[in-house]
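Right, one structure below, let's go through it.
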Amino acid sequence: MQVAQLERFGEAPVAAQAPDPEPASGHTLVEVRMSALNPFDLRVAGGEFYIRPPLPYVPGSEGAGVVLHSDRWPAGTRVRFGASAPGGFAQRVLVPDDQLMEIPDEVPDAVAAALGVAGLAAWGGLDVGRFRSGERVLVLGASGAVGRLALQAARIRNASRVVGVGRDAKALAELVGPQGADAVVTLQQRDAADLAQAITAAAGGPVDVVIDLLWGEPALAGVMAAGTGARLVCIGDAAGPTLALPAPLIRSRQIEVRGYTNLALSPEHQRAALRSLFQHAAAGRIQLEHEVFPLDQIATAWRRQAGSPHRKLLLQL
């Protein structure tokens, strides 16, 4: 079968041939139709992440396809898959049975593949942040795939005010609307205090939940713009891996800082979140721009992913 495999750390995957995976008990053989690229894939492929698989290996942490063989799922069932062997950049993968989610007829393969990792982070981040209807939500890093979905998820779940923050003014302007942000704030050259002031003005008051994909100086601004009892959920660190937080502010406002990873979600939680995401996507309440590349253009897609494409990139197998 055809795959895209990494042969050297720090380089893009290349098209290659690999043997088909053998059926195994408790696993489902899936014919892959769409596989999504994620920042996680690039981090692992860089060779300096805590996960360092032996080379060569096939990346890809999610996708959509059709069941070929399973003791649990009928052949022909359309499914979204998570962890697989080999990775999702392959024509056929072997997936643990509990890592599969049936795709509704109304949801195209590309949408199902695009919504998985990013959608779980956006939806699950609000869960970890103990979001309540009527609260103000701030999304730091709003122009990326997770950020865009977090804006929409907050809106669906009845946030009173949704504010997005990012670097690209043009991309941010596209996010303002009835399904996205009420207001956006550009990072520009602002220091934390100035950014916090702009966020508070855009939110119409202190924010209650911060979905943070940036960390660094923007997260400090998010804390400064937060109200009493606010929760900051750290999902990413695109602006830097370290941050000095002012202890008096954290104490006086009783602010919680919580970490989030999809890896901590149980299969049951994942399925419940994906079910909600698919329902909202089918109804048109969640939309995510995506771009599809054939497998032989993996190097182009890889470069685009490294450059923050402001949309979800997919491989068609």
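Identifiers in the structure tokens: chain A, B, ... in order shown; residue index from 1 per chain; ligand index from 1 in order shown.
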
Non-local contacts of stretch 261-264 of chain A (7 Å; only C-alpha atoms; under 3 positions in same chain excluded) as a compact mmCIF listing (two decimals) with N, CA and C atoms, in the first residue's frame:
# COMPACT_ATOMS: atom_id res chain seq x y z
N LEU A 120 -11.89 18.27 19.42
CA LEU A 120 -11.83 17.75 20.79
C LEU A 120 -11.13 18.74 21.71
N ALA A 121 -10.05 19.36 21.23
CA ALA A 121 -9.33 20.33 22.05
C ALA A 121 -10.19 21.55 22.36
N ILE A 235 -3.71 24.94 26.33
CA ILE A 235 -3.77 23.86 25.34
C ILE A 235 -2.51 23.85 24.48

May I have a table of the residues of stretch 203-283 of chain A lying at most 9 Å from stretch 84-99 of chain A, giving each one's closest pair of atoms and their distance in Å to one decimal, counting only C-alpha atoms, ordered by chain and ascending residue number, as CSV?
residue,atom,partner,partner_atom,distance
A:Pro267,CA,A:Asp98,CA,6.5
A:Glu268,CA,A:Asp98,CA,8.7
A:Gln270,CA,A:Gln99,CA,8.8
A:Arg271,CA,A:Gln99,CA,8.7

Shell of 7 Å around A:Gly166, only C-alpha atoms, local chain residues under 3 positions omitted, as a ChimeraX atom specification: /A:140-143,172,185-187

What are the closest atom pairs, with distances in Å to one decimal, for all residues of stretch 221-297 of chain A lying within 9 Å of stretch 2-23 of chain A? Consider only C-alpha atoms, order rows by chain and residue number, and present the result as a tab-separated table.
residue	atom	partner	partner_atom	distance
A:Leu295	CA	A:Ala4	CA	7.0
A:Asp296	CA	A:Ala15	CA	6.1
A:Gln297	CA	A:Ala15	CA	8.6

May I have the residues from that selection written out with N, CA, C and O atoms, as a tab-separated table (two decimals), in the first residue's frame?
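The file below, result.tsv, is the result:
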chain	number	residue	atom	x	y	z
A	295	LEU	N	-1.75	12.49	-1.71
A	295	LEU	CA	-0.64	11.95	-0.93
A	295	LEU	C	0.71	12.33	-1.53
A	295	LEU	O	1.67	12.59	-0.79
A	296	ASP	N	0.80	12.40	-2.87
A	296	ASP	CA	2.10	12.71	-3.47
A	296	ASP	C	2.50	14.17	-3.29
A	296	ASP	O	3.60	14.56	-3.67
A	297	GLN	N	1.62	14.98	-2.69
A	297	GLN	CA	1.97	16.38	-2.37
A	297	GLN	C	2.18	16.56	-0.87
A	297	GLN	O	2.01	17.66	-0.35

Residue neighbourhood A:Arg43, 12 Å, only C-alpha atoms, exclusion window fewer than 6 positions, as a short mmCIF file (atom, residue, chain, number, x, y, z; two decimals) with N, CA, C and O atoms, in the first residue's frame:
data_model
loop_
_atom_site.label_atom_id
_atom_site.label_comp_id
_atom_site.auth_asym_id
_atom_site.auth_seq_id
_atom_site.Cartn_x
_atom_site.Cartn_y
_atom_site.Cartn_z
N PHE A 9 14.50 12.60 10.83
CA PHE A 9 13.93 13.64 11.68
C PHE A 9 14.31 15.01 11.13
O PHE A 9 15.42 15.23 10.66
N GLY A 10 13.36 15.93 11.21
CA GLY A 10 13.60 17.28 10.75
C GLY A 10 13.28 17.49 9.29
O GLY A 10 13.39 18.62 8.79
N GLU A 11 12.87 16.44 8.60
CA GLU A 11 12.50 16.56 7.19
C GLU A 11 11.03 16.22 7.01
O GLU A 11 10.37 15.70 7.91
N ALA A 12 10.51 16.49 5.82
CA ALA A 12 9.11 16.16 5.51
C ALA A 12 9.00 14.67 5.17
O ALA A 12 9.96 14.06 4.68
N LEU A 37 -3.51 16.59 9.00
CA LEU A 37 -2.22 17.02 9.55
C LEU A 37 -2.48 17.81 10.82
O LEU A 37 -3.44 18.58 10.90
N PHE A 49 10.88 16.01 20.36
CA PHE A 49 9.71 15.84 21.22
C PHE A 49 9.96 14.66 22.15
O PHE A 49 10.85 13.83 21.92
N TYR A 50 9.14 14.55 23.23
CA TYR A 50 9.36 13.45 24.17
C TYR A 50 9.00 12.09 23.55
O TYR A 50 9.46 11.05 24.00
N ILE A 51 8.18 12.11 22.48
CA ILE A 51 7.91 10.90 21.71
C ILE A 51 8.89 10.86 20.54
O ILE A 51 8.94 11.80 19.74
N ARG A 52 9.66 9.79 20.43
CA ARG A 52 10.66 9.67 19.36
C ARG A 52 10.60 8.26 18.77
O ARG A 52 11.35 7.38 19.18
N PRO A 53 9.71 8.04 17.80
CA PRO A 53 9.56 6.71 17.24
C PRO A 53 10.76 6.31 16.39
O PRO A 53 11.46 7.17 15.86
N PRO A 59 3.63 9.00 9.98
CA PRO A 59 2.91 9.93 10.87
C PRO A 59 1.41 9.87 10.61
O PRO A 59 0.91 9.09 9.79
N GLY A 60 0.70 10.74 11.32
CA GLY A 60 -0.74 10.85 11.14
C GLY A 60 -1.49 10.34 12.35
O GLY A 60 -1.47 9.14 12.62
N ALA A 238 2.38 28.23 21.54
CA ALA A 238 2.96 28.76 20.30
C ALA A 238 3.77 30.03 20.52
O ALA A 238 4.65 30.36 19.72
N TRP A 302 3.04 19.59 4.21
CA TRP A 302 3.87 19.65 5.42
C TRP A 302 4.41 21.07 5.62
O TRP A 302 4.38 21.60 6.73
N GLN A 305 1.61 23.36 6.70
CA GLN A 305 1.25 23.16 8.11
C GLN A 305 2.25 23.87 9.02
O GLN A 305 1.87 24.48 10.03
N ALA A 306 3.52 23.83 8.66
CA ALA A 306 4.55 24.49 9.47
C ALA A 306 4.39 25.99 9.47
O ALA A 306 4.86 26.68 10.39
#

Need the shell around A:Gly222: protein/DNA/RNA residues with any atom at most 8 Å away, counting only C-alpha atoms. Skip same-chain ones fewer than 5 positions apart. Format as a count of residues only? 6

Could you write out, as a VMD selection string, all the residues of stretch 65-285 of chain A that DSSP marks as strand (DSSP E)? chain A and resid 65 to 69 78 to 81 92 to 96 100 to 102 136 to 140 161 to 166 183 to 186 207 to 212 226 to 234 256 to 259
